[in-house]
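Student: Data file run-v5.cif (mmCIF, C-alpha atoms) is appended below.
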data_coords
loop_
_atom_site.label_atom_id
_atom_site.label_comp_id
_atom_site.auth_asym_id
_atom_site.auth_seq_id
_atom_site.Cartn_x
_atom_site.Cartn_y
_atom_site.Cartn_z
CA MET A 137 183.54 41.41 6.42
CA PRO A 138 186.30 41.48 9.10
CA ILE A 139 188.81 44.31 8.80
CA SER A 140 191.59 41.76 8.24
CA SER A 141 189.88 40.82 4.95
CA ALA A 142 188.92 44.37 3.94
CA ALA A 143 192.34 45.93 4.51
CA MET A 144 196.04 45.29 5.06
CA LEU A 145 198.94 47.19 6.55
CA VAL A 146 201.53 48.90 4.38
CA ASP A 147 204.81 50.51 5.40
CA LEU A 148 206.42 52.99 3.01
CA ASN A 149 209.89 54.16 3.99
CA ILE A 150 211.71 56.62 1.73
CA SER A 151 215.11 57.93 2.74
CA VAL A 152 217.04 60.76 1.11
CA TRP A 153 220.55 62.01 1.82
CA THR A 154 220.20 65.48 3.36
CA ALA A 155 223.70 66.55 2.25
CA ASN A 156 223.75 69.06 5.09
CA LYS A 157 226.39 69.26 7.79
CA VAL A 158 226.91 71.45 10.82
CA ASP A 159 230.19 73.34 10.42
CA ARG A 160 231.31 74.01 13.99
CA ASP A 161 234.43 75.90 12.94
CA ALA A 162 232.34 78.26 10.82
CA THR A 163 229.84 78.54 13.66
CA ARG A 164 232.52 79.64 16.10
CA LYS A 165 233.98 82.13 13.60
CA VAL A 166 230.61 83.69 12.77
CA ALA A 167 229.73 83.89 16.46
CA ALA A 168 233.06 85.55 17.28
CA ASP A 169 232.80 88.02 14.38
CA SER A 170 229.27 88.92 15.51
CA ASN A 171 230.15 89.11 19.20
CA ALA A 172 227.63 86.33 19.88
CA THR A 173 227.83 83.17 21.95
CA ALA A 174 228.83 79.98 20.15
CA ASP A 175 225.42 78.43 20.80
CA ALA A 176 223.50 81.36 19.32
CA GLY A 177 222.92 79.28 16.19
CA LEU A 178 224.56 76.45 14.29
CA PHE A 179 225.89 77.09 10.82
CA ARG A 180 224.85 74.35 8.39
CA LYS A 181 226.36 74.04 4.97
CA ASN A 182 224.99 72.22 1.94
CA LEU A 183 227.57 69.67 0.84
CA MET A 184 225.93 69.51 -2.60
CA ALA A 185 225.66 73.28 -3.07
CA GLY A 186 224.62 74.03 -6.63
CA SER A 187 222.96 70.63 -7.18
CA THR A 188 219.30 70.70 -8.16
CA LEU A 189 219.11 66.92 -8.66
CA ARG A 190 219.34 66.06 -4.96
CA LYS A 191 216.56 68.55 -4.22
CA GLU A 192 214.51 67.07 -7.06
CA ILE A 193 214.87 63.62 -5.45
CA ALA A 194 213.89 65.01 -2.03
CA ASP A 195 210.85 66.78 -3.48
CA TYR A 196 209.79 63.63 -5.29
CA ALA A 197 210.12 61.63 -2.06
CA ALA A 198 207.85 64.15 -0.32
CA ALA A 199 205.30 63.86 -3.15
CA CYS A 200 205.37 60.05 -2.83
CA ARG A 201 204.72 60.24 0.91
CA LEU A 202 201.76 62.54 0.26
CA TRP A 203 200.41 60.15 -2.39
CA HIS A 204 200.82 57.24 0.06
CA ASN A 205 198.93 59.09 2.82
CA THR A 206 196.15 60.05 0.40
CA HIS A 207 195.52 56.41 -0.52
CA THR A 208 195.76 54.96 2.98
CA LEU A 209 194.43 55.51 6.50
CA PRO A 210 196.38 56.00 9.75
CA TRP A 211 196.97 52.92 11.87
CA ALA A 212 200.08 52.71 14.01
CA ASP A 213 201.61 55.73 15.72
CA ARG A 214 204.49 55.48 13.27
CA GLY A 215 205.00 53.58 10.06
CA SER A 216 202.16 51.24 9.19
CA ARG A 217 199.02 52.57 7.54
CA LEU A 218 195.81 50.83 6.52
CA LEU A 219 195.35 50.03 2.82
CA ALA A 220 192.01 48.78 1.48
CA THR A 221 192.37 45.46 -0.33
CA SER A 222 190.26 46.93 -3.15
CA LEU A 223 193.10 49.42 -3.78
CA PHE A 224 195.97 46.93 -3.51
CA PHE A 225 196.68 46.27 -7.19
CA ASP A 226 196.41 49.91 -8.25
CA TYR A 227 198.46 51.01 -5.25
CA LYS A 228 201.16 48.39 -5.85
CA ALA A 229 201.46 49.24 -9.55
CA GLU A 230 201.78 52.96 -8.81
CA ALA A 231 204.23 52.35 -5.95
CA ASN A 232 206.41 50.18 -8.19
CA ALA A 233 206.46 52.87 -10.88
CA ARG A 234 207.36 55.53 -8.32
CA GLN A 235 210.09 53.34 -6.85
CA THR A 236 211.59 52.77 -10.30
CA TYR A 237 211.60 56.49 -11.07
CA PHE A 238 213.09 57.31 -7.66
CA MET A 239 215.93 54.83 -8.03
CA GLU A 240 216.65 56.01 -11.58
CA LYS A 241 217.12 59.51 -10.20
CA VAL A 242 219.37 58.15 -7.45
CA ASP A 243 221.46 56.32 -10.05
CA GLN A 244 221.80 59.55 -12.00
CA PHE A 245 222.80 61.42 -8.85
CA CYS A 246 225.46 58.81 -8.07
CA ARG A 247 226.84 59.04 -11.62
CA ASP A 248 227.03 62.82 -11.28
CA TYR A 249 228.39 62.71 -7.72
CA PRO A 250 232.10 63.33 -8.58
CA ALA A 251 231.17 66.34 -10.72
CA LEU A 252 228.76 67.58 -8.08
CA GLN A 253 231.50 67.30 -5.48
CA GLU A 254 233.77 69.45 -7.65
CA ARG A 255 230.97 71.95 -8.07
CA ALA A 256 230.46 72.03 -4.29
CA LYS A 257 234.17 72.73 -3.89
CA GLU A 258 233.79 75.81 -6.07
CA CYS A 259 230.66 77.00 -4.28
CA LEU A 260 231.88 76.43 -0.73
CA GLY A 261 235.35 77.84 -1.16
CA GLY A 262 237.17 77.79 2.16
CA LEU A 263 234.31 75.89 3.79
CA TYR A 264 234.95 72.85 1.58
CA ASN A 265 236.26 69.82 3.46
CA PRO A 266 236.82 66.63 1.40
CA ALA A 267 236.60 64.48 4.53
CA GLU A 268 232.91 65.35 4.83
CA TYR A 269 232.05 63.63 1.53
CA PRO A 270 231.25 59.90 1.83
CA ASP A 271 232.23 57.29 -0.75
CA ILE A 272 229.81 56.75 -3.60
CA GLU A 273 228.50 53.46 -2.17
CA ASP A 274 227.87 55.12 1.18
CA VAL A 275 226.00 57.89 -0.63
CA ARG A 276 223.87 55.37 -2.51
CA ALA A 277 223.02 53.62 0.77
CA LYS A 278 221.61 56.89 2.14
CA PHE A 279 218.79 56.70 -0.41
CA GLY A 280 216.05 54.12 -0.14
CA PHE A 281 212.51 53.31 -1.23
CA ARG A 282 211.11 50.38 0.72
CA LEU A 283 207.59 49.02 0.68
CA VAL A 284 206.31 46.26 3.00
CA PHE A 285 202.81 44.78 3.10
CA SER A 286 201.52 42.78 6.05
CA PRO A 287 198.16 41.48 7.29
CA VAL A 288 196.18 43.27 9.95
CA PRO A 289 196.89 41.18 13.07
CA GLU A 290 194.02 39.77 15.07
CA SER A 291 194.07 39.00 18.78
CA GLY A 292 193.73 35.29 18.05
CA ASP A 293 197.14 35.35 16.33
CA PHE A 294 199.05 35.42 19.63
CA ARG A 295 201.40 32.45 19.79
CA LEU A 296 202.90 32.70 23.24
CA ASP A 297 203.44 30.21 26.01
CA LEU A 298 201.56 32.07 28.73
CA PRO A 299 199.03 31.04 31.36
CA ALA A 300 195.45 31.03 30.09
CA GLN A 301 194.39 33.99 32.26
CA ASP A 302 197.29 36.12 31.00
CA MET A 303 196.46 35.23 27.41
CA VAL A 304 192.84 36.28 27.94
CA GLU A 305 193.99 39.59 29.43
CA MET A 306 196.47 40.18 26.59
CA ARG A 307 193.85 39.48 23.94
CA SER A 308 191.41 41.80 25.69
CA GLN A 309 193.98 44.59 25.79
CA TYR A 310 194.81 44.06 22.14
CA ASP A 311 191.13 44.07 21.13
CA THR A 312 190.62 47.37 22.97
CA ALA A 313 193.64 48.93 21.29
CA PHE A 314 192.57 47.48 17.93
CA GLN A 315 189.13 49.05 18.14
CA ALA A 316 190.67 52.40 19.14
CA ARG A 317 193.02 52.32 16.16
CA LEU A 318 190.21 51.40 13.82
CA ALA A 319 188.08 54.26 15.15
CA ASP A 320 190.99 56.67 14.65
CA ALA A 321 191.51 55.38 11.11
CA MET A 322 187.86 55.85 10.20
CA ARG A 323 187.83 59.42 11.44
CA GLU A 324 190.13 60.42 8.60
CA PRO A 325 187.67 59.79 5.71
CA TRP A 326 185.10 61.86 7.58
CA GLU A 327 187.65 64.64 8.09
CA ARG A 328 188.65 64.60 4.42
CA LEU A 329 185.01 64.85 3.38
CA LYS A 330 184.24 67.65 5.85
CA ASP A 331 187.32 69.59 4.78
CA MET A 332 186.34 69.28 1.13
CA LEU A 333 182.78 70.45 1.78
CA GLU A 334 183.91 73.42 3.88
CA ARG A 335 186.49 74.56 1.32
CA MET A 336 183.96 74.31 -1.50
CA THR A 337 181.17 76.15 0.31
CA ASP A 338 183.58 78.85 1.56
CA LYS A 339 184.72 79.56 -1.99
CA LEU A 340 181.15 79.62 -3.26
CA ASP A 341 180.27 82.00 -0.45
CA LEU A 342 183.11 84.34 -1.42
CA SER A 343 182.03 84.21 -5.06
CA LEU A 344 178.62 85.58 -4.12
CA SER A 345 180.14 88.65 -2.48
CA ASP A 346 181.00 91.96 -4.14
CA ASN A 347 184.33 90.49 -5.28
CA ASP A 348 182.60 88.06 -7.62
CA ALA A 349 184.35 89.43 -10.70
CA LYS A 350 187.77 88.86 -9.17
CA MET A 351 187.15 85.21 -8.26
CA ARG A 352 189.41 82.73 -10.04
CA TRP A 353 188.04 79.25 -10.73
CA HIS A 354 189.88 76.08 -11.65
CA ASP A 355 188.58 72.72 -12.83
CA THR A 356 189.96 71.19 -9.62
CA PHE A 357 187.06 72.79 -7.75
CA LEU A 358 184.94 69.92 -9.11
CA THR A 359 187.52 67.28 -10.02
CA ASN A 360 189.01 67.19 -6.50
CA ALA A 361 185.54 66.50 -5.09
CA GLN A 362 184.90 63.84 -7.73
CA ASP A 363 188.25 62.18 -6.94
CA LEU A 364 187.46 62.18 -3.24
CA CYS A 365 184.08 60.55 -3.85
CA GLN A 366 185.86 57.80 -5.78
CA MET A 367 188.56 57.35 -3.11
CA LEU A 368 185.99 57.12 -0.31
CA THR A 369 184.52 54.00 -1.90
CA HIS A 370 187.84 52.34 -0.99
CA LEU A 371 188.67 54.08 2.29
CA ASN A 372 185.36 53.06 3.87
CA VAL A 373 186.87 49.74 4.96
CA THR A 374 184.26 49.22 7.69
CA ASN A 375 181.37 49.75 5.26
CA ASP A 376 180.02 52.57 7.41
CA PRO A 377 176.56 53.26 5.90
CA GLU A 378 176.53 56.85 7.16
CA LEU A 379 179.87 57.63 5.52
CA GLU A 380 178.65 56.08 2.29
CA GLN A 381 175.49 58.19 2.45
CA ALA A 382 177.53 61.36 3.00
CA ARG A 383 179.73 60.42 0.04
CA LEU A 384 176.65 59.91 -2.13
CA ASP A 385 175.27 63.26 -0.96
CA LEU A 386 178.37 65.06 -2.22
CA GLN A 387 178.38 63.05 -5.45
CA ARG A 388 174.76 64.01 -6.12
CA ALA A 389 175.35 67.66 -5.17
CA ILE A 390 177.91 68.10 -7.95
CA TYR A 391 176.38 65.68 -10.46
CA GLY A 392 175.73 67.38 -13.80
CA VAL A 393 177.42 70.61 -12.70
CA ASN A 394 180.14 71.99 -14.98
CA MET A 395 182.71 74.68 -14.39
CA ASP A 396 181.32 77.03 -17.03
CA ASP A 397 178.06 77.24 -15.08
CA ILE A 398 179.96 77.72 -11.82
CA LYS A 399 181.99 80.56 -13.34
CA GLU A 400 179.16 82.33 -15.13
CA GLU A 401 175.94 81.61 -13.25
CA ALA A 402 175.39 82.94 -9.74
CA ALA A 403 172.21 80.87 -9.57
CA THR A 404 174.25 77.68 -10.07
CA ARG A 405 176.67 78.67 -7.32
CA ILE A 406 173.78 79.41 -4.96
CA GLU A 407 172.18 76.04 -5.68
CA VAL A 408 175.40 74.06 -5.23
CA LYS A 409 176.28 75.93 -2.04
CA SER A 410 172.83 75.21 -0.64
CA LYS A 411 173.31 71.49 -1.24
CA LEU A 412 176.77 71.47 0.30
CA ASP A 413 175.61 73.40 3.36
CA ALA A 414 172.79 70.92 3.79
CA ILE A 415 175.28 68.03 3.81
CA LEU A 416 177.39 69.77 6.47
CA LYS A 417 174.29 70.19 8.65
CA SER A 418 173.13 66.60 8.19
CA TYR A 419 176.00 64.85 10.00
CA SER A 420 177.65 65.16 13.39
CA TRP A 421 181.18 64.96 11.91
#
Could I get this file's structure written as structure tokens?
Tutor:
Amino acid sequence: MPISSAAMLVDLNISVWTANKVDRDATRKVAADSNATADAGLFRKNLMAGSTLRKEIADYAAACRLWHNTHTLPWADRGSRLLATSLFFDYKAEANARQTYFMEKVDQFCRDYPALQERAKECLGGLYNPAEYPDIEDVRAKFGFRLVFSPVPESGDFRLDLPAQDMVEMRSQYDTAFQARLADAMREPWERLKDMLERMTDKLDLSLSDNDAKMRWHDTFLTNAQDLCQMLTHLNVTNDPELEQARLDLQRAIYGVNMDDIKEEAATRIEVKSKLDAILKSYSW
């Protein structure tokens, strides 16, 4: 199956108002009072001082970007990432839900904006400058949650009026760059799998030391690995048989294992660690 059928490109752009501003007057005053040069450091003030809602929106935006990166593979240097077509409907439904929640929070922030501005006036005291606060519509425009899907372009899609030789050269250059991007994209599933295996075996190794009694275990030790095995069935957009085999190796290594046995039985930890170490040694990574 060609990559253009197995995957698509998706751009997720989330913008959040920083509500921070460099106060050059305060910078000069602090520098003078400290006998420092004016460029020793810039003083930034939070225009929405005392507001937890703007920070909540910013934190949620960061969580959405992390979710997006977890479900996609790198493609372009900036922006576009590769999304498996098998994940499209689940991804789109989740993205829509996240967009709705994000915009609801933005609406709430905009409703509270006048009160938040008054609160900032109290917090900032003499540093408050009403001219630094944009109108409500300008504030709303500083927030955004945009999602764009597009097909993976193929070299044959060029529609340019160029001499035949130049078109051949352009298609050749694109094909070379395309294969390089695809190779870069497919390194990420391998890296995620290797990172998971190393973190698991390192923790199991520590648990077998003299500090065994102090080791804290969480269900995520197994559930994170199980989730990754499920995700790799989608991220393997080139149907790499070796990647699929490595995924199956991890799935089998933790099959039937439960956290109670991990916590209480050193023999179980030794057995699981042995299987994970064997997987790490079986592939070139």
Student: Could you tell me which residues the PyMOL selection byres ((chain A and resi 384) around 12) returns for this structure, as a PyMOL selection string?
Tutor: chain A and resi 329+361-362+364-366+368-369+377-383+385-391+412+415
Student: One number please: atom CA of Lys417 of chain A to atom CA of Val393 of chain A, in Å, one decimal.
Tutor: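 Separation between atom CA of Lys417 of chain A and atom CA of Val393 of chain A: 21.6 Å.
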Student: Rank A:Asp331, A:Asp338, A:Asp396, A:Glu324 by their smallest atom-to-atom distance to Leu371 of chain A, using only C-alpha atoms, and report the top residue only.
Tutor: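 Counting only C-alpha atoms, the residue closest to Leu371 of chain A is A:Glu324.
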Student: Hey, can you pull every residue with an atom no more than 9 Å from (193.8, 59.0, 7.3), using all atoms listed in the file, and send it as a list of chain:residue names?
Tutor: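 Those residues lying close to the given coordinates are A:Asn205, A:Thr206, A:His207, A:Thr208, A:Leu209, A:Pro210, A:Trp211, A:Arg217, A:Leu218, A:Asp320, A:Ala321, A:Met322, A:Arg323, A:Glu324, A:Pro325, A:Glu327, A:Arg328, A:Leu371.
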Student: Keeping only C-alpha atoms, write the selected residues to a file as a PDB file, keeping the file's coordinate frame.
Tutor:
ATOM      1  CA  ASN A 205     198.930  59.090   2.820  1.00  0.00           C
ATOM      2  CA  THR A 206     196.150  60.050   0.400  1.00  0.00           C
ATOM      3  CA  HIS A 207     195.520  56.410  -0.520  1.00  0.00           C
ATOM      4  CA  THR A 208     195.760  54.960   2.980  1.00  0.00           C
ATOM      5  CA  LEU A 209     194.430  55.510   6.500  1.00  0.00           C
ATOM      6  CA  PRO A 210     196.380  56.000   9.750  1.00  0.00           C
ATOM      7  CA  TRP A 211     196.970  52.920  11.870  1.00  0.00           C
ATOM      8  CA  ARG A 217     199.020  52.570   7.540  1.00  0.00           C
ATOM      9  CA  LEU A 218     195.810  50.830   6.520  1.00  0.00           C
ATOM     10  CA  ASP A 320     190.990  56.670  14.650  1.00  0.00           C
ATOM     11  CA  ALA A 321     191.510  55.380  11.110  1.00  0.00           C
ATOM     12  CA  MET A 322     187.860  55.850  10.200  1.00  0.00           C
ATOM     13  CA  ARG A 323     187.830  59.420  11.440  1.00  0.00           C
ATOM     14  CA  GLU A 324     190.130  60.420   8.600  1.00  0.00           C
ATOM     15  CA  PRO A 325     187.670  59.790   5.710  1.00  0.00           C
ATOM     16  CA  GLU A 327     187.650  64.640   8.090  1.00  0.00           C
ATOM     17  CA  ARG A 328     188.650  64.600   4.420  1.00  0.00           C
ATOM     18  CA  LEU A 371     188.670  54.080   2.290  1.00  0.00           C
TER      19      LEU A 371
END
Student: Which distance in Å separates atom CA of Leu340 of chain A and atom CA of Leu202 of chain A, to one decimal?
Tutor: 27.0 Å
Student: Excluding same-chain residues fewer than 3 positions from Met239 of chain A, what lies within 10 Å of it counting all atoms listed in the file, as a count of residues only?
Tutor: 12
Student: List the neighbours of Ser187 of chain A out to 9 Å using only C-alpha atoms; skip same-chain residues closer than 4 positions along the sequence, and give me the result as a list in words.
Tutor: Lys191, Leu252, Arg255 and Ala256 of chain A
Student: For atom CA of Leu219 of chain A and atom CA of Ser151 of chain A, quote the distance in Å rounded to one decimal.
Tutor: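 A separation of 21.3 Å between them.
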Student: From the options A:Lys399, A:Arg405, A:His354, A:Lys330, which residue's atoms come nearest to Ser418 of chain A, counting all atoms listed in the file?
Tutor: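 Closest to Ser418 of chain A of all the choices is A:Lys330.
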Student: Take the PyMOL selection byres ((chain A and resi 283) around 10), run it mentally on this structure, and tell me the resulting residues as a VMD selection string.
Tutor: chain A and resid 146 to 150 228 231 to 232 235 280 to 282 284 to 285
Student: Taking all atoms listed in the file into account, name the residue in A:Ser141, A:Tyr196, A:Thr337, A:Met332 that is nearest to Asp363 of chain A.
Tutor: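 Answer, going by the shortest atom-to-atom distance: A:Met332.
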Student: Supply segment 207-239 of chain A as an mmCIF file, in the coordinates of the input, with N, CA and C atoms built in where the input has gaps.
Tutor:
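Written output follows (selection11.cif):
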data_model
loop_
_atom_site.group_PDB
_atom_site.id
_atom_site.type_symbol
_atom_site.label_atom_id
_atom_site.label_comp_id
_atom_site.auth_asym_id
_atom_site.auth_seq_id
_atom_site.Cartn_x
_atom_site.Cartn_y
_atom_site.Cartn_z
ATOM 1 N N HIS A 207 196.138 57.684 -0.148
ATOM 2 C CA HIS A 207 195.520 56.410 -0.520
ATOM 3 C C HIS A 207 195.404 55.424 0.642
ATOM 4 N N THR A 208 195.801 55.847 1.828
ATOM 5 C CA THR A 208 195.760 54.960 2.980
ATOM 6 C C THR A 208 195.156 55.697 4.180
ATOM 7 N N LEU A 209 194.971 54.948 5.270
ATOM 8 C CA LEU A 209 194.430 55.510 6.500
ATOM 9 C C LEU A 209 195.431 55.294 7.635
ATOM 10 N N PRO A 210 195.428 56.173 8.638
ATOM 11 C CA PRO A 210 196.380 56.000 9.750
ATOM 12 C C PRO A 210 196.082 54.726 10.530
ATOM 13 N N TRP A 211 197.150 54.121 11.046
ATOM 14 C CA TRP A 211 196.970 52.920 11.870
ATOM 15 C C TRP A 211 197.896 52.965 13.072
ATOM 16 N N ALA A 212 199.152 52.663 12.895
ATOM 17 C CA ALA A 212 200.080 52.710 14.010
ATOM 18 C C ALA A 212 200.543 54.145 14.238
ATOM 19 N N ASP A 213 201.114 54.394 15.418
ATOM 20 C CA ASP A 213 201.610 55.730 15.720
ATOM 21 C C ASP A 213 202.672 56.150 14.717
ATOM 22 N N ARG A 214 203.467 55.207 14.281
ATOM 23 C CA ARG A 214 204.490 55.480 13.270
ATOM 24 C C ARG A 214 204.536 54.315 12.295
ATOM 25 N N GLY A 215 204.757 54.635 11.043
ATOM 26 C CA GLY A 215 205.000 53.580 10.060
ATOM 27 C C GLY A 215 203.752 53.059 9.382
ATOM 28 N N SER A 216 203.225 51.963 9.872
ATOM 29 C CA SER A 216 202.160 51.240 9.190
ATOM 30 C C SER A 216 200.901 52.077 9.010
ATOM 31 N N ARG A 217 200.304 51.944 7.815
ATOM 32 C CA ARG A 217 199.020 52.570 7.540
ATOM 33 C C ARG A 217 198.105 51.516 6.925
ATOM 34 N N LEU A 218 196.816 51.785 6.965
ATOM 35 C CA LEU A 218 195.810 50.830 6.520
ATOM 36 C C LEU A 218 195.509 51.054 5.035
ATOM 37 N N LEU A 219 195.620 49.976 4.259
ATOM 38 C CA LEU A 219 195.350 50.030 2.820
ATOM 39 C C LEU A 219 194.189 49.090 2.506
ATOM 40 N N ALA A 220 193.148 49.615 1.867
ATOM 41 C CA ALA A 220 192.010 48.780 1.480
ATOM 42 C C ALA A 220 192.449 47.739 0.456
ATOM 43 N N THR A 221 191.991 46.505 0.624
ATOM 44 C CA THR A 221 192.370 45.460 -0.330
ATOM 45 C C THR A 221 191.874 45.791 -1.735
ATOM 46 N N SER A 222 190.786 46.556 -1.833
ATOM 47 C CA SER A 222 190.260 46.930 -3.150
ATOM 48 C C SER A 222 191.198 47.880 -3.893
ATOM 49 N N LEU A 223 192.137 48.498 -3.159
ATOM 50 C CA LEU A 223 193.100 49.420 -3.780
ATOM 51 C C LEU A 223 194.459 48.765 -4.001
ATOM 52 N N PHE A 224 194.627 47.530 -3.541
ATOM 53 C CA PHE A 224 195.970 46.930 -3.510
ATOM 54 C C PHE A 224 196.655 46.925 -4.875
ATOM 55 N N PHE A 225 196.002 46.418 -5.898
ATOM 56 C CA PHE A 225 196.680 46.270 -7.190
ATOM 57 C C PHE A 225 197.029 47.618 -7.804
ATOM 58 N N ASP A 226 196.114 48.584 -7.730
ATOM 59 C CA ASP A 226 196.410 49.910 -8.250
ATOM 60 C C ASP A 226 197.517 50.579 -7.430
ATOM 61 N N TYR A 227 197.447 50.424 -6.116
ATOM 62 C CA TYR A 227 198.460 51.010 -5.250
ATOM 63 C C TYR A 227 199.835 50.394 -5.534
ATOM 64 N N LYS A 228 199.879 49.078 -5.632
ATOM 65 C CA LYS A 228 201.160 48.390 -5.850
ATOM 66 C C LYS A 228 201.765 48.780 -7.188
ATOM 67 N N ALA A 229 200.946 48.862 -8.224
ATOM 68 C CA ALA A 229 201.460 49.240 -9.550
ATOM 69 C C ALA A 229 202.028 50.654 -9.523
ATOM 70 N N GLU A 230 201.304 51.567 -8.891
ATOM 71 C CA GLU A 230 201.780 52.960 -8.810
ATOM 72 C C GLU A 230 203.032 53.061 -7.953
ATOM 73 N N ALA A 231 203.055 52.334 -6.831
ATOM 74 C CA ALA A 231 204.230 52.350 -5.950
ATOM 75 C C ALA A 231 205.454 51.811 -6.665
ATOM 76 N N ASN A 232 205.292 50.749 -7.434
ATOM 77 C CA ASN A 232 206.410 50.180 -8.190
ATOM 78 C C ASN A 232 206.949 51.186 -9.205
ATOM 79 N N ALA A 233 206.037 51.878 -9.887
ATOM 80 C CA ALA A 233 206.460 52.870 -10.880
ATOM 81 C C ALA A 233 207.208 54.018 -10.200
ATOM 82 N N ARG A 234 206.702 54.441 -9.051
ATOM 83 C CA ARG A 234 207.360 55.530 -8.320
ATOM 84 C C ARG A 234 208.727 55.083 -7.793
ATOM 85 N N GLN A 235 208.809 53.845 -7.337
ATOM 86 C CA GLN A 235 210.090 53.340 -6.850
ATOM 87 C C GLN A 235 211.118 53.288 -7.981
ATOM 88 N N THR A 236 210.691 52.833 -9.152
ATOM 89 C CA THR A 236 211.590 52.770 -10.300
ATOM 90 C C THR A 236 212.102 54.151 -10.669
ATOM 91 N N TYR A 237 211.203 55.125 -10.725
ATOM 92 C CA TYR A 237 211.600 56.490 -11.070
ATOM 93 C C TYR A 237 212.556 57.053 -10.022
ATOM 94 N N PHE A 238 212.241 56.821 -8.742
ATOM 95 C CA PHE A 238 213.090 57.310 -7.660
ATOM 96 C C PHE A 238 214.498 56.763 -7.770
ATOM 97 N N MET A 239 214.608 55.449 -7.970
ATOM 98 C CA MET A 239 215.930 54.830 -8.030
ATOM 99 C C MET A 239 216.688 55.236 -9.296
#
